[in-house]
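Q: So that you have it, the file is target_36.cif, and it contains mmCIF, C-alpha atoms:
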```cif
data_model
loop_
_atom_site.label_atom_id
_atom_site.label_comp_id
_atom_site.auth_asym_id
_atom_site.auth_seq_id
_atom_site.Cartn_x
_atom_site.Cartn_y
_atom_site.Cartn_z
CA MET U 1 -35.27 -28.95 26.58
CA THR U 2 -33.09 -29.46 23.53
CA THR U 3 -31.53 -26.60 21.68
CA PRO U 4 -32.50 -26.46 17.99
CA ARG U 5 -29.60 -27.42 15.75
CA GLY U 6 -27.60 -24.34 14.80
CA ALA U 7 -29.33 -22.06 17.33
CA ARG U 8 -26.45 -22.07 19.83
CA GLY U 9 -22.93 -21.13 18.82
CA ALA U 10 -23.97 -20.53 15.22
CA VAL U 11 -21.81 -18.19 13.18
CA PRO U 12 -23.92 -15.48 11.55
CA ARG U 13 -23.68 -15.61 7.78
CA HIS U 14 -23.14 -12.50 5.72
CA ASP U 15 -25.96 -11.94 3.23
CA ASP U 16 -24.29 -10.38 0.19
CA ARG U 17 -27.66 -9.71 -1.42
CA ARG U 18 -29.11 -7.57 1.32
CA ARG U 19 -27.65 -4.24 2.42
CA SER U 20 -29.05 -1.60 4.75
CA PHE U 21 -27.89 2.01 4.75
CA PRO U 22 -28.41 4.59 7.49
CA GLN U 23 -30.24 7.79 6.71
CA VAL U 24 -28.45 9.50 3.82
CA ALA U 25 -27.13 13.00 4.50
CA THR U 26 -28.79 15.70 2.43
CA ARG U 27 -26.66 17.57 -0.07
CA GLU U 28 -26.84 19.14 -3.51
CA ALA U 29 -24.54 18.58 -6.46
CA PRO U 30 -22.34 21.56 -7.45
CA ASP U 31 -24.30 22.06 -10.69
CA GLY U 32 -27.62 22.25 -8.84
CA ARG U 33 -28.79 18.77 -9.85
CA PHE U 34 -30.02 16.36 -7.20
CA ALA U 35 -27.36 13.69 -7.76
CA ALA U 36 -23.61 14.17 -8.22
CA THR U 37 -22.86 11.37 -10.73
CA TRP U 38 -24.12 10.70 -14.22
CA TRP U 39 -25.64 7.37 -13.14
CA GLY U 40 -27.31 8.93 -10.10
CA ASN U 41 -28.89 11.56 -12.32
CA ALA U 42 -29.93 8.88 -14.85
CA TRP U 43 -31.80 7.18 -12.00
CA VAL U 44 -33.53 10.48 -11.16
CA GLU U 45 -34.44 11.04 -14.82
CA ALA U 46 -36.05 7.58 -15.01
CA LEU U 47 -38.24 8.55 -12.04
CA GLU U 48 -39.11 11.99 -13.39
CA ASP U 49 -39.87 10.73 -16.90
CA THR U 50 -42.32 8.20 -15.41
CA ALA U 51 -44.11 10.51 -12.96
CA LEU U 52 -47.64 11.63 -13.78
CA ASP U 53 -47.75 14.59 -11.39
CA PRO U 54 -44.85 17.09 -11.21
CA ALA U 55 -46.28 18.54 -7.97
CA ARG U 56 -45.91 15.21 -6.18
CA LEU U 57 -42.35 14.97 -7.46
CA ALA U 58 -41.56 18.41 -6.06
CA ARG U 59 -42.97 17.46 -2.65
CA GLY U 60 -41.03 14.19 -2.73
CA LYS U 61 -37.80 16.03 -3.49
CA ALA U 62 -38.52 18.40 -0.58
CA TYR U 63 -39.15 15.40 1.72
CA ALA U 64 -35.81 13.90 0.67
CA GLY U 65 -34.06 17.22 1.23
CA ARG U 66 -35.51 17.55 4.73
CA GLY U 67 -34.43 14.05 5.81
CA HIS U 68 -37.86 12.38 5.86
CA VAL U 69 -36.46 9.08 4.49
CA ASP U 70 -35.24 6.65 7.15
CA ALA U 71 -32.69 3.87 6.65
CA ILE U 72 -32.86 2.25 3.20
CA THR U 73 -32.67 -1.52 2.58
CA VAL U 74 -31.63 -2.76 -0.86
CA THR U 75 -32.16 -6.30 -2.15
CA PRO U 76 -32.24 -7.55 -5.76
CA GLY U 77 -35.09 -5.80 -7.53
CA ARG U 78 -36.27 -3.84 -4.49
CA VAL U 79 -35.48 -0.67 -2.50
CA VAL U 80 -37.40 -0.27 0.79
CA ALA U 81 -37.56 2.42 3.49
CA TYR U 82 -39.93 4.08 5.94
CA VAL U 83 -40.78 7.64 4.90
CA HIS U 84 -42.21 10.23 7.29
CA GLY U 85 -45.18 12.23 6.04
CA SER U 86 -47.76 14.46 7.68
CA ARG U 87 -48.95 11.72 10.08
CA PRO U 88 -47.00 10.54 13.15
CA ARG U 89 -46.51 7.02 11.84
CA PRO U 90 -44.17 6.68 8.82
CA TYR U 91 -45.23 4.86 5.66
CA ARG U 92 -43.56 1.75 4.32
CA THR U 93 -42.41 2.63 0.83
CA GLU U 94 -40.66 0.59 -1.80
CA ILE U 95 -39.43 0.82 -5.38
CA ARG U 96 -39.38 -2.34 -7.48
CA MET U 97 -37.38 -2.92 -10.65
CA ARG U 98 -36.44 -5.92 -12.77
CA THR U 99 -33.14 -7.71 -12.20
CA LEU U 100 -30.67 -8.52 -14.97
CA GLY U 101 -30.73 -12.04 -16.33
CA ASP U 102 -27.73 -14.31 -16.71
CA ASP U 103 -27.12 -13.11 -20.28
CA GLY U 104 -27.03 -9.48 -19.14
CA TRP U 105 -24.53 -10.25 -16.39
CA GLU U 106 -22.37 -12.23 -18.81
CA ARG U 107 -22.21 -9.18 -21.10
CA PHE U 108 -21.36 -6.95 -18.13
CA LEU U 109 -18.58 -9.24 -16.87
CA ASP U 110 -17.12 -9.76 -20.35
CA GLU U 111 -17.02 -6.00 -20.98
CA ALA U 112 -15.64 -5.19 -17.50
CA THR U 113 -12.74 -7.66 -17.74
CA ALA U 114 -11.97 -6.87 -21.39
CA ARG U 115 -10.36 -3.55 -20.41
CA PRO U 116 -8.24 -2.94 -17.28
CA ASP U 117 -9.46 0.66 -17.11
CA HIS U 118 -13.02 -0.57 -16.58
CA ILE U 119 -12.00 -2.55 -13.50
CA ALA U 120 -9.95 0.41 -12.25
CA ALA U 121 -12.96 2.69 -12.72
CA LEU U 122 -15.21 0.35 -10.71
CA LEU U 123 -12.65 0.28 -7.90
CA ASP U 124 -12.67 4.09 -7.92
CA LYS U 125 -16.47 4.03 -7.51
CA ASP U 126 -17.06 5.05 -11.11
CA VAL U 127 -19.30 3.44 -13.75
CA PRO U 128 -17.93 3.63 -17.31
CA HIS U 129 -20.56 4.53 -19.88
CA ALA U 130 -19.51 1.49 -21.93
CA LEU U 131 -20.69 -0.91 -19.21
CA GLU U 132 -24.10 0.75 -19.15
CA ALA U 133 -24.31 0.68 -22.94
CA VAL U 134 -23.84 -3.10 -23.24
CA THR U 135 -26.04 -4.14 -20.30
CA GLY U 136 -28.73 -1.52 -19.65
CA LEU U 137 -27.89 -1.37 -15.94
CA LEU U 138 -29.77 1.87 -15.36
CA PRO U 139 -33.56 1.95 -15.42
CA ALA U 140 -35.43 3.31 -18.40
CA PRO U 141 -38.68 5.28 -18.01
CA GLY U 142 -41.28 2.89 -16.66
CA ASP U 143 -38.78 0.44 -15.13
CA LEU U 144 -39.24 1.81 -11.58
CA VAL U 145 -42.47 0.59 -9.98
CA PRO U 146 -43.40 2.49 -6.76
CA ASP U 147 -45.54 1.19 -3.91
CA CYS U 148 -46.44 2.84 -0.59
CA SER U 149 -48.70 2.15 2.39
CA CYS U 150 -50.07 5.71 2.27
CA PRO U 151 -53.61 6.38 0.93
CA ASP U 152 -52.32 8.49 -1.99
CA ASP U 153 -52.71 6.69 -5.32
CA GLY U 154 -50.35 9.02 -7.20
CA TYR U 155 -47.76 7.48 -9.49
CA PRO U 156 -45.53 7.92 -7.66
CA CYS U 157 -46.76 9.36 -4.39
CA LYS U 158 -44.53 11.91 -2.69
CA HIS U 159 -43.17 9.26 -0.29
CA ALA U 160 -42.07 6.97 -3.13
CA ALA U 161 -40.60 9.96 -4.94
CA ALA U 162 -38.62 10.90 -1.81
CA LEU U 163 -37.26 7.34 -1.57
CA CYS U 164 -36.26 7.42 -5.23
CA TYR U 165 -34.40 10.70 -4.81
CA GLN U 166 -32.54 9.40 -1.75
CA ALA U 167 -31.67 6.16 -3.58
CA ALA U 168 -29.91 8.31 -6.19
CA ARG U 169 -27.62 9.60 -3.44
CA LEU U 170 -26.80 6.02 -2.45
CA LEU U 171 -25.82 5.33 -6.05
CA ASP U 172 -23.59 8.41 -5.99
CA GLU U 173 -21.66 7.00 -3.04
CA ASP U 174 -21.37 3.40 -4.20
CA PRO U 175 -22.23 2.07 -7.69
CA PHE U 176 -22.25 -1.47 -6.29
CA VAL U 177 -25.65 -0.55 -4.84
CA LEU U 178 -26.89 -0.33 -8.44
CA PHE U 179 -25.49 -3.77 -9.18
CA LEU U 180 -27.27 -5.14 -6.10
CA MET U 181 -30.53 -3.57 -7.27
CA ARG U 182 -30.03 -5.41 -10.56
CA GLY U 183 -29.41 -8.74 -8.83
CA ARG U 184 -25.74 -9.28 -7.93
CA GLY U 185 -24.06 -8.72 -4.54
CA GLU U 186 -20.76 -6.90 -4.22
CA GLN U 187 -18.61 -9.82 -3.03
CA GLU U 188 -20.22 -12.18 -5.54
CA LEU U 189 -19.52 -9.75 -8.38
CA LEU U 190 -15.95 -9.00 -7.28
CA ALA U 191 -15.14 -12.71 -6.92
CA GLU U 192 -16.30 -13.37 -10.49
CA LEU U 193 -14.35 -10.37 -11.80
CA THR U 194 -11.27 -11.74 -10.01
CA ARG U 195 -11.59 -15.18 -11.59
CA ARG U 196 -12.11 -13.77 -15.07
CA ASN U 197 -9.26 -11.31 -14.68
CA ALA U 198 -6.90 -14.08 -13.56
CA ALA U 199 -7.98 -16.33 -16.44
CA LEU U 200 -7.46 -13.51 -18.94
CA SER U 201 -3.98 -12.82 -17.54
CA ALA U 202 -3.10 -16.50 -17.80
CA ALA U 203 -4.32 -16.65 -21.41
CA GLU U 204 -2.22 -13.61 -22.32
CA THR U 205 0.83 -15.12 -20.61
CA THR U 206 0.31 -18.43 -22.41
CA ALA U 207 -0.10 -16.74 -25.80
CA ALA U 208 3.05 -14.67 -25.33
CA ALA U 209 5.28 -17.47 -24.03
CA PRO U 210 7.83 -19.12 -26.37
CA PRO U 211 7.22 -22.77 -27.25
CA MET U 212 8.81 -25.46 -25.09
CA PRO U 213 11.74 -27.44 -26.49
CA THR U 214 10.52 -30.81 -27.75
CA VAL U 215 11.83 -34.37 -27.85
CA PRO U 216 10.61 -36.89 -30.45
CA ALA U 217 8.04 -39.11 -28.82
CA ARG U 218 9.48 -42.25 -30.47
CA ALA U 219 12.83 -41.61 -28.75
CA VAL U 220 11.16 -41.37 -25.35
CA PHE U 221 9.13 -44.52 -25.84
CA ALA U 222 12.11 -46.41 -27.24
CA ALA U 223 14.22 -45.54 -24.18
CA ALA U 224 11.41 -46.52 -21.83
CA GLU U 225 10.90 -49.81 -23.64
CA ARG U 226 14.62 -50.65 -23.43
CA ALA U 227 14.49 -49.96 -19.71
CA GLY U 228 11.37 -52.08 -19.30
CA LEU U 229 9.33 -49.10 -18.11
CA PRO U 230 6.34 -48.53 -20.38
CA LEU U 231 4.97 -45.03 -20.10
CA PRO U 232 1.28 -44.34 -19.47
CA PRO U 233 -0.49 -42.26 -22.09
CA PRO U 234 -0.14 -38.53 -21.34
CA LEU U 235 -3.15 -36.58 -20.19
CA PRO U 236 -4.22 -33.62 -22.33
CA ALA U 237 -3.61 -30.20 -20.82
CA PRO U 238 -6.81 -28.43 -19.71
CA ASP U 239 -8.01 -25.46 -21.73
CA ARG U 240 -8.08 -23.13 -18.72
CA PRO U 241 -7.10 -23.04 -15.04
CA GLY U 242 -9.37 -24.91 -12.67
CA ARG U 243 -11.67 -23.05 -10.30
CA PRO U 244 -11.04 -23.36 -6.57
CA ALA U 245 -13.37 -25.09 -4.20
CA VAL U 246 -15.94 -23.10 -2.22
CA PHE U 247 -14.56 -22.46 1.26
CA PRO U 248 -17.33 -22.08 3.87
CA PRO U 249 -16.73 -19.61 6.71
CA ASP U 250 -15.33 -21.20 9.87
CA PRO U 251 -14.13 -19.24 12.93
CA ASP U 252 -11.25 -21.73 13.41
CA ALA U 253 -10.13 -21.74 9.75
CA PRO U 254 -8.19 -19.22 7.64
CA ASP U 255 -10.13 -16.45 5.96
CA PRO U 256 -12.10 -18.03 3.05
CA LEU U 257 -11.49 -15.03 0.79
CA ALA U 258 -7.71 -15.35 1.28
CA LEU U 259 -7.92 -19.10 0.59
CA ASP U 260 -9.95 -18.47 -2.56
CA LEU U 261 -7.44 -15.89 -3.78
CA LEU U 262 -4.40 -18.10 -3.12
CA ALA U 263 -6.08 -21.16 -4.67
CA SER U 264 -7.01 -19.17 -7.78
CA GLU U 265 -3.45 -17.86 -8.08
CA ALA U 266 -1.97 -21.34 -7.64
CA ALA U 267 -4.26 -22.72 -10.34
CA VAL U 268 -3.32 -19.97 -12.79
CA ARG U 269 0.42 -20.38 -12.17
CA ALA U 270 0.21 -24.18 -12.43
CA HIS U 271 -1.70 -23.97 -15.69
CA ALA U 272 0.79 -21.49 -17.18
CA PHE U 273 3.71 -23.71 -16.10
CA LEU U 274 2.02 -26.81 -17.55
CA ILE U 275 1.42 -25.15 -20.92
CA THR U 276 4.63 -23.15 -21.28
CA GLY U 277 7.14 -24.70 -18.89
CA HIS U 278 7.65 -21.24 -17.43
CA ASP U 279 6.42 -19.71 -14.16
CA PRO U 280 5.65 -16.06 -15.04
CA VAL U 281 6.09 -14.79 -11.48
CA ALA U 282 9.00 -16.90 -10.24
CA ALA U 283 11.50 -14.02 -10.61
CA LEU U 284 9.48 -11.53 -8.54
CA THR U 285 10.57 -10.44 -5.08
CA PRO U 286 8.16 -11.08 -2.17
CA TRP U 287 7.12 -7.40 -2.24
CA GLN U 288 6.51 -7.45 -6.01
CA ASP U 289 4.51 -10.67 -5.67
CA ALA U 290 2.38 -9.19 -2.86
CA VAL U 291 1.67 -6.13 -5.00
CA ARG U 292 0.83 -8.34 -7.98
CA LEU U 293 -1.53 -10.44 -5.86
CA ALA U 294 -3.36 -7.39 -4.56
CA ALA U 295 -3.50 -5.78 -8.00
CA ALA U 296 -4.93 -8.93 -9.59
CA HIS U 297 -7.81 -8.97 -7.10
CA PRO U 298 -10.34 -6.30 -8.19
CA GLY U 299 -12.05 -6.19 -4.81
CA SER U 300 -8.99 -5.48 -2.70
CA GLY U 301 -9.63 -2.69 -0.22
CA LEU U 302 -13.37 -2.37 -0.93
CA THR U 303 -15.02 -4.69 1.58
CA ALA U 304 -14.20 -5.51 5.20
CA SER U 305 -12.73 -8.91 4.32
CA THR U 306 -10.64 -7.61 1.41
CA ARG U 307 -9.39 -4.71 3.51
CA ALA U 308 -8.14 -7.30 6.01
CA LEU U 309 -6.39 -9.15 3.19
CA TYR U 310 -4.79 -5.88 2.07
CA ARG U 311 -3.64 -5.17 5.62
CA ASP U 312 -2.18 -8.64 6.15
CA LEU U 313 -0.22 -8.55 2.88
CA ALA U 314 1.24 -5.16 3.78
CA TYR U 315 2.17 -5.98 7.36
CA ALA U 316 3.77 -9.31 6.36
CA LEU U 317 6.39 -7.26 4.47
CA ASP U 318 6.78 -4.41 6.97
CA ARG U 319 4.77 -2.02 4.82
CA THR U 320 1.62 -0.05 5.53
CA PRO U 321 -1.73 -0.55 3.77
CA THR U 322 -1.19 2.89 2.19
CA ASP U 323 2.18 1.73 0.82
CA LEU U 324 0.46 -1.30 -0.68
CA ALA U 325 -2.42 0.74 -2.11
CA ARG U 326 0.01 3.12 -3.81
CA ALA U 327 2.08 0.22 -5.15
CA VAL U 328 -1.07 -1.51 -6.46
CA ALA U 329 -2.00 1.68 -8.33
CA ALA U 330 1.49 1.70 -9.88
CA TRP U 331 1.27 -2.00 -10.83
CA ARG U 332 -2.11 -1.48 -12.47
CA GLN U 333 -0.62 1.47 -14.32
CA GLY U 334 2.38 -0.37 -15.74
CA GLY U 335 3.08 -3.76 -14.12
CA ALA U 336 6.55 -4.36 -12.71
CA ALA U 337 7.89 -1.42 -14.75
CA GLY U 338 5.26 0.85 -13.20
CA LEU U 339 6.23 -0.29 -9.70
CA ALA U 340 9.89 0.45 -10.46
CA VAL U 341 8.93 3.96 -11.59
CA LEU U 342 7.15 4.49 -8.26
CA GLU U 343 10.02 3.27 -6.07
CA ASP U 344 13.30 3.86 -7.93
CA PRO U 345 14.28 7.39 -9.05
CA TRP U 346 17.15 7.37 -11.54
CA ASP U 347 19.19 9.71 -13.72
CA PRO U 348 18.14 9.39 -17.37
CA PRO U 349 20.65 10.14 -20.14
CA ALA U 350 20.29 13.22 -22.33
CA GLY U 351 17.61 12.92 -24.98
CA PRO U 352 13.90 12.27 -24.41
CA PHE U 353 13.96 13.70 -20.89
CA ASP U 354 15.54 16.98 -22.04
CA ARG U 355 13.03 17.31 -24.89
CA ALA U 356 10.00 16.77 -22.62
CA ARG U 357 9.87 20.23 -21.00
CA PRO U 358 9.86 22.22 -24.27
CA ALA U 359 7.20 19.84 -25.64
CA LEU U 360 4.98 20.44 -22.59
CA VAL U 361 5.42 24.22 -22.82
CA ALA U 362 4.54 24.12 -26.52
CA ALA U 363 1.33 22.22 -25.63
CA ASP U 364 0.33 25.04 -23.19
CA PHE U 365 1.00 23.03 -20.05
CA PRO U 366 2.49 24.77 -16.99
CA ALA U 367 6.23 24.83 -16.41
CA PHE U 368 7.58 21.65 -14.80
CA ARG U 369 10.52 21.44 -12.39
CA PRO U 370 13.05 18.67 -13.19
CA TRP U 371 14.55 16.29 -10.61
CA ARG U 372 16.29 13.13 -11.76
CA ASN U 373 13.70 11.28 -13.92
CA ARG U 374 10.78 13.42 -12.72
CA LEU U 375 9.08 16.61 -13.92
CA SER U 376 6.78 18.24 -11.35
CA THR U 377 4.36 21.09 -10.67
CA ASP U 378 2.62 21.57 -7.31
CA SER U 379 0.03 18.89 -8.12
CA LEU U 380 1.13 17.09 -11.32
CA GLN U 381 4.14 14.95 -12.07
CA LEU U 382 5.55 12.95 -14.96
CA ARG U 383 8.12 10.21 -14.40
CA LEU U 384 10.26 8.72 -17.15
CA GLY U 385 10.62 4.96 -16.76
CA ARG U 386 13.59 2.89 -17.83
CA ASP U 387 11.25 1.40 -20.45
CA GLY U 388 11.05 4.78 -22.20
CA LEU U 389 7.45 5.46 -21.14
CA TRP U 390 6.19 8.52 -19.26
CA TYR U 391 4.02 7.79 -16.20
CA GLY U 392 1.55 10.34 -14.76
CA TYR U 393 1.23 11.13 -11.04
CA GLU U 394 -1.01 13.44 -8.99
CA SER U 395 -0.80 14.96 -5.49
CA ASP U 396 -2.72 17.50 -3.48
CA ALA U 397 -1.18 20.91 -4.06
CA GLY U 398 1.71 21.59 -1.71
CA ARG U 399 2.02 17.95 -0.53
CA GLU U 400 4.59 15.36 -1.55
CA ASP U 401 1.97 12.60 -1.73
CA TRP U 402 2.22 11.35 -5.30
CA TRP U 403 -0.17 8.69 -6.66
CA PRO U 404 -0.02 7.02 -10.10
CA ARG U 405 -2.79 8.17 -12.44
CA GLY U 406 -3.59 7.61 -16.12
CA ALA U 407 -1.93 5.42 -18.72
CA PRO U 408 1.80 5.50 -19.57
CA ASP U 409 2.78 6.92 -22.95
CA HIS U 410 5.95 7.35 -25.02
CA ASP U 411 4.95 11.01 -25.41
CA PRO U 412 4.98 13.17 -22.23
CA VAL U 413 2.17 15.33 -23.65
CA GLY U 414 0.07 12.21 -24.26
CA ALA U 415 0.69 10.92 -20.73
CA LEU U 416 -0.27 14.26 -19.21
CA THR U 417 -3.34 14.59 -21.44
CA ASP U 418 -4.54 11.16 -20.31
CA LEU U 419 -3.87 12.06 -16.68
CA LEU U 420 -6.00 15.22 -16.97
CA GLY U 421 -8.74 13.49 -18.96
CA ARG U 422 -8.57 15.96 -21.84
#
```
Since I need it in another form, could you write the structure as structure tokens?
A:
Amino acid sequence: MTTPRGARGAVPRHDDRRRSFPQVATREAPDGRFAATWWGNAWVEALEDTALDPARLARGKAYAGRGHVDAITVTPGRVVAYVHGSRPRPYRTEIRMRTLGDDGWERFLDEATARPDHIAALLDKDVPHALEAVTGLLPAPGDLVPDCSCPDDGYPCKHAAALCYQAARLLDEDPFVLFLMRGRGEQELLAELTRRNAALSAAETTAAAPPMPTVPARAVFAAAERAGLPLPPPLPAPDRPGRPAVFPPDPDAPDPLALDLLASEAAVRAHAFLITGHDPVAALTPWQDAVRLAAAHPGSGLTASTRALYRDLAYALDRTPTDLARAVAAWRQGGAAGLAVLEDPWDPPAGPFDRARPALVAADFPAFRPWRNRLSTDSLQLRLGRDGLWYGYESDAGREDWWPRGAPDHDPVGALTDLLGR
């Protein structure tokens, strides 16, 4: 008997557009609402604004609270689970919704990569309101279509309502579940964000670079003609970096995500060098370049494969993944200058540093303790960089575990205000 092709020794393929989640733990938001995030509660409101029977909603919420919803499977446009009711056998329940079209995803990706804080928010499991405003990611009343194998013809029945409430808790934990509901998988979305972010960085580098010194073309051709070496016509420079090939998974080959990242980086650097004659990262140390690589990849640390990439970059330089994560946060905060602020304390001259404490007291902030270029409380810290900017840091109270937060500012009050989100 022959073995069907691919049946033996086949490598299972990851399906980025299908995710299953174990039974979600029951909990209640601090303010008494069912969900803990604004987008989770927007999902709940879309359900409640559509429902025809408040009593069925109340029973569905009670079912969700008592753990009647089994594991949930999410695919584009569909959320499915088995929900236990009054009978021994659970009911198959699903919620359908439309997926975003290509135009909607283009608007989302353009908006997300236009501002670094949007990418940072997504990595922190947050959804900026601006992204919702331009794309309509969240369902409006009537967008959620329930279906259930139970005999109840309510719209929705209590089982579909229970599934909807539990789905809101999934959205609380991971906004990429919402993106999957709307049609794009996490790795697919992160890969596209990475490419666009790299292209945007290359365009900014190209625009800021000084022009290359020039030589009159007639002099070059005249010299070549005298030497009997006619030159071929030059090729025009491409408008943008090329996109890497698609690397299929292979157990005997390097990780395809790492290959994709390195190929994208090589294309961006080559394009910048071709246009400007300058390699923007040639002067970086290996540690700075590893931090830059990780910071330029929006998905680093979020999925199993990107966590492995994070780990390998850190260990290659005798650092820990936590060291790299902290350094990436500093790089995203201020580039190479932000990384220097993280790693190199220094003694600033008299002037802006001495004026910072009175300014903070005048703005009704707590008293800060000075040490070298740093001002600290138990949980907040400001660091003065050699570039004259103040960088915000946070730590759990009583612990020396400082992490970069917020945007740098020439004004210490402005940096601290941004850090606290005032």
Q: Hey, can you pull every residue with an atom no more than 6 Å from (12.4, 2.9, -14.7), using only C-alpha atoms, and send it as an MDAnalysis selection string?
A: chainID U and resid 340:341 385:386
Q: I would like the residues chosen by the PyMOL selection byres ((chain U and resi 67) around 9) on the shown file; could you give them as a ChimeraX atom specification?
A: /U:23-26,62-66,68-70,84
Q: Can you pull out the residues contacting Ala356 (chain U)? Cut-off 9 Å, using only C-alpha atoms, and skip same-chain residues under 5 positions away; I want them as JSON, numbers by chain.
A: {"U": [351, 361, 375, 411, 412, 413]}
Q: Using CA of His271 (chain U) and CA of Ala199 (chain U) as the two end points, give the distance in Å to one decimal.
A: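 CA of Ala199 (chain U) lies 9.9 Å from CA of His271 (chain U).
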Q: Counting all atoms listed in the file, which residue out of U:Ala51, U:Met181, U:Ala114, U:Leu259 sits closest to Arg196 (chain U)?
A: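 Of U:Ala51, U:Met181, U:Ala114, U:Leu259, the one nearest Arg196 (chain U) is U:Ala114, counting all atoms listed in the file.
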Q: Where's the centre, and what are the edge lengths in Å to one decimal, of a box along x, y and z enclosing all listed atoms of region 139-142 of chain U padded 4 Å per side, as JSON?
A:
```
{"center_x": -37.4, "center_y": 3.6, "center_z": -16.9, "size_x": 15.7, "size_y": 11.3, "size_z": 11.0}
```
Q: Please list as a ChimeraX atom specification every residue within 12 Å of Pro358 (chain U), counting all atoms listed in the file and excluding residues in the same chain fewer than 4 positions away.
A: /U:352-354,362-369,375,412-413
Q: Residues as selected, C-alpha atoms, written as a PDB file, keeping the file's coordinate frame, can you do that?
A:
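Okay, this is what ended up in result29.pdb:
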```pdb
ATOM      1  CA  PRO U 352      13.900  12.270 -24.410  1.00  0.00           C
ATOM      2  CA  PHE U 353      13.960  13.700 -20.890  1.00  0.00           C
ATOM      3  CA  ASP U 354      15.540  16.980 -22.040  1.00  0.00           C
ATOM      4  CA  ALA U 362       4.540  24.120 -26.520  1.00  0.00           C
ATOM      5  CA  ALA U 363       1.330  22.220 -25.630  1.00  0.00           C
ATOM      6  CA  ASP U 364       0.330  25.040 -23.190  1.00  0.00           C
ATOM      7  CA  PHE U 365       1.000  23.030 -20.050  1.00  0.00           C
ATOM      8  CA  PRO U 366       2.490  24.770 -16.990  1.00  0.00           C
ATOM      9  CA  ALA U 367       6.230  24.830 -16.410  1.00  0.00           C
ATOM     10  CA  PHE U 368       7.580  21.650 -14.800  1.00  0.00           C
ATOM     11  CA  ARG U 369      10.520  21.440 -12.390  1.00  0.00           C
ATOM     12  CA  LEU U 375       9.080  16.610 -13.920  1.00  0.00           C
ATOM     13  CA  PRO U 412       4.980  13.170 -22.230  1.00  0.00           C
ATOM     14  CA  VAL U 413       2.170  15.330 -23.650  1.00  0.00           C
TER      15      VAL U 413
END
```
Q: Pick out the residues sitting within 9 Å of Leu47 (chain U), and hand them over as a VMD selection string; count only C-alpha atoms, and ignore anything fewer than 2 positions along from it in its own chain.
A: chain U and resid 42 to 45 49 to 51 57 139 to 144 156 161 164 to 165
Q: Generate the output file for the selected residues, C-alpha atoms, as a JSON list (two decimals), keeping the file's coordinate frame.
A:
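Okay, this is what ended up in again.json:
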```json
[["chain", "number", "residue", "atom", "x", "y", "z"],
["U", 42, "ALA", "CA", -29.93, 8.88, -14.85],
["U", 43, "TRP", "CA", -31.80, 7.18, -12.00],
["U", 44, "VAL", "CA", -33.53, 10.48, -11.16],
["U", 45, "GLU", "CA", -34.44, 11.04, -14.82],
["U", 49, "ASP", "CA", -39.87, 10.73, -16.90],
["U", 50, "THR", "CA", -42.32, 8.20, -15.41],
["U", 51, "ALA", "CA", -44.11, 10.51, -12.96],
["U", 57, "LEU", "CA", -42.35, 14.97, -7.46],
["U", 139, "PRO", "CA", -33.56, 1.95, -15.42],
["U", 140, "ALA", "CA", -35.43, 3.31, -18.40],
["U", 141, "PRO", "CA", -38.68, 5.28, -18.01],
["U", 142, "GLY", "CA", -41.28, 2.89, -16.66],
["U", 143, "ASP", "CA", -38.78, 0.44, -15.13],
["U", 144, "LEU", "CA", -39.24, 1.81, -11.58],
["U", 156, "PRO", "CA", -45.53, 7.92, -7.66],
["U", 161, "ALA", "CA", -40.60, 9.96, -4.94],
["U", 164, "CYS", "CA", -36.26, 7.42, -5.23],
["U", 165, "TYR", "CA", -34.40, 10.70, -4.81]]
```
Q: So that I can check the surroundings of Gln333 (chain U), please list as a PyMOL selection string every protein, DNA and RNA residue that reaches within 10 Å of it, counting all atoms listed in the file and ignoring chain neighbours fewer than 5 positions away.
A: chain U and resi 116-117+120+327-328+338-339+391-392+404-408
Q: Apply the PyMOL selection byres ((chain U and resi 410) around 6) to the file shown and report the selected residues as a ChimeraX atom specification.
A: /U:389-390,409,411
Q: In Å, how far is it from CA of Leu360 (chain U) to CA of Trp402 (chain U)?
A: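 One can read the CA of Leu360 (chain U) to CA of Trp402 (chain U) distance as 19.7 Å.
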Q: Quick one: pull the distance between CA of Trp39 (chain U) and CA of Glu173 (chain U), Å, one decimal.
A: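 A separation of 10.9 Å between them.
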Q: Starting from the displayed file, determine the output of the PyMOL selection byres ((chain U and resi 346) around 7) and express the residue list as a short mmCIF file (atom, residue, chain, number, x, y, z; two decimals) with C-alpha atoms, in the frame of the given file.
A:
```
data_model
loop_
_atom_site.label_atom_id
_atom_site.label_comp_id
_atom_site.auth_asym_id
_atom_site.auth_seq_id
_atom_site.Cartn_x
_atom_site.Cartn_y
_atom_site.Cartn_z
CA ASP U 344 13.30 3.86 -7.93
CA PRO U 345 14.28 7.39 -9.05
CA ASP U 347 19.19 9.71 -13.72
CA PRO U 348 18.14 9.39 -17.37
CA ARG U 372 16.29 13.13 -11.76
CA ASN U 373 13.70 11.28 -13.92
#
```
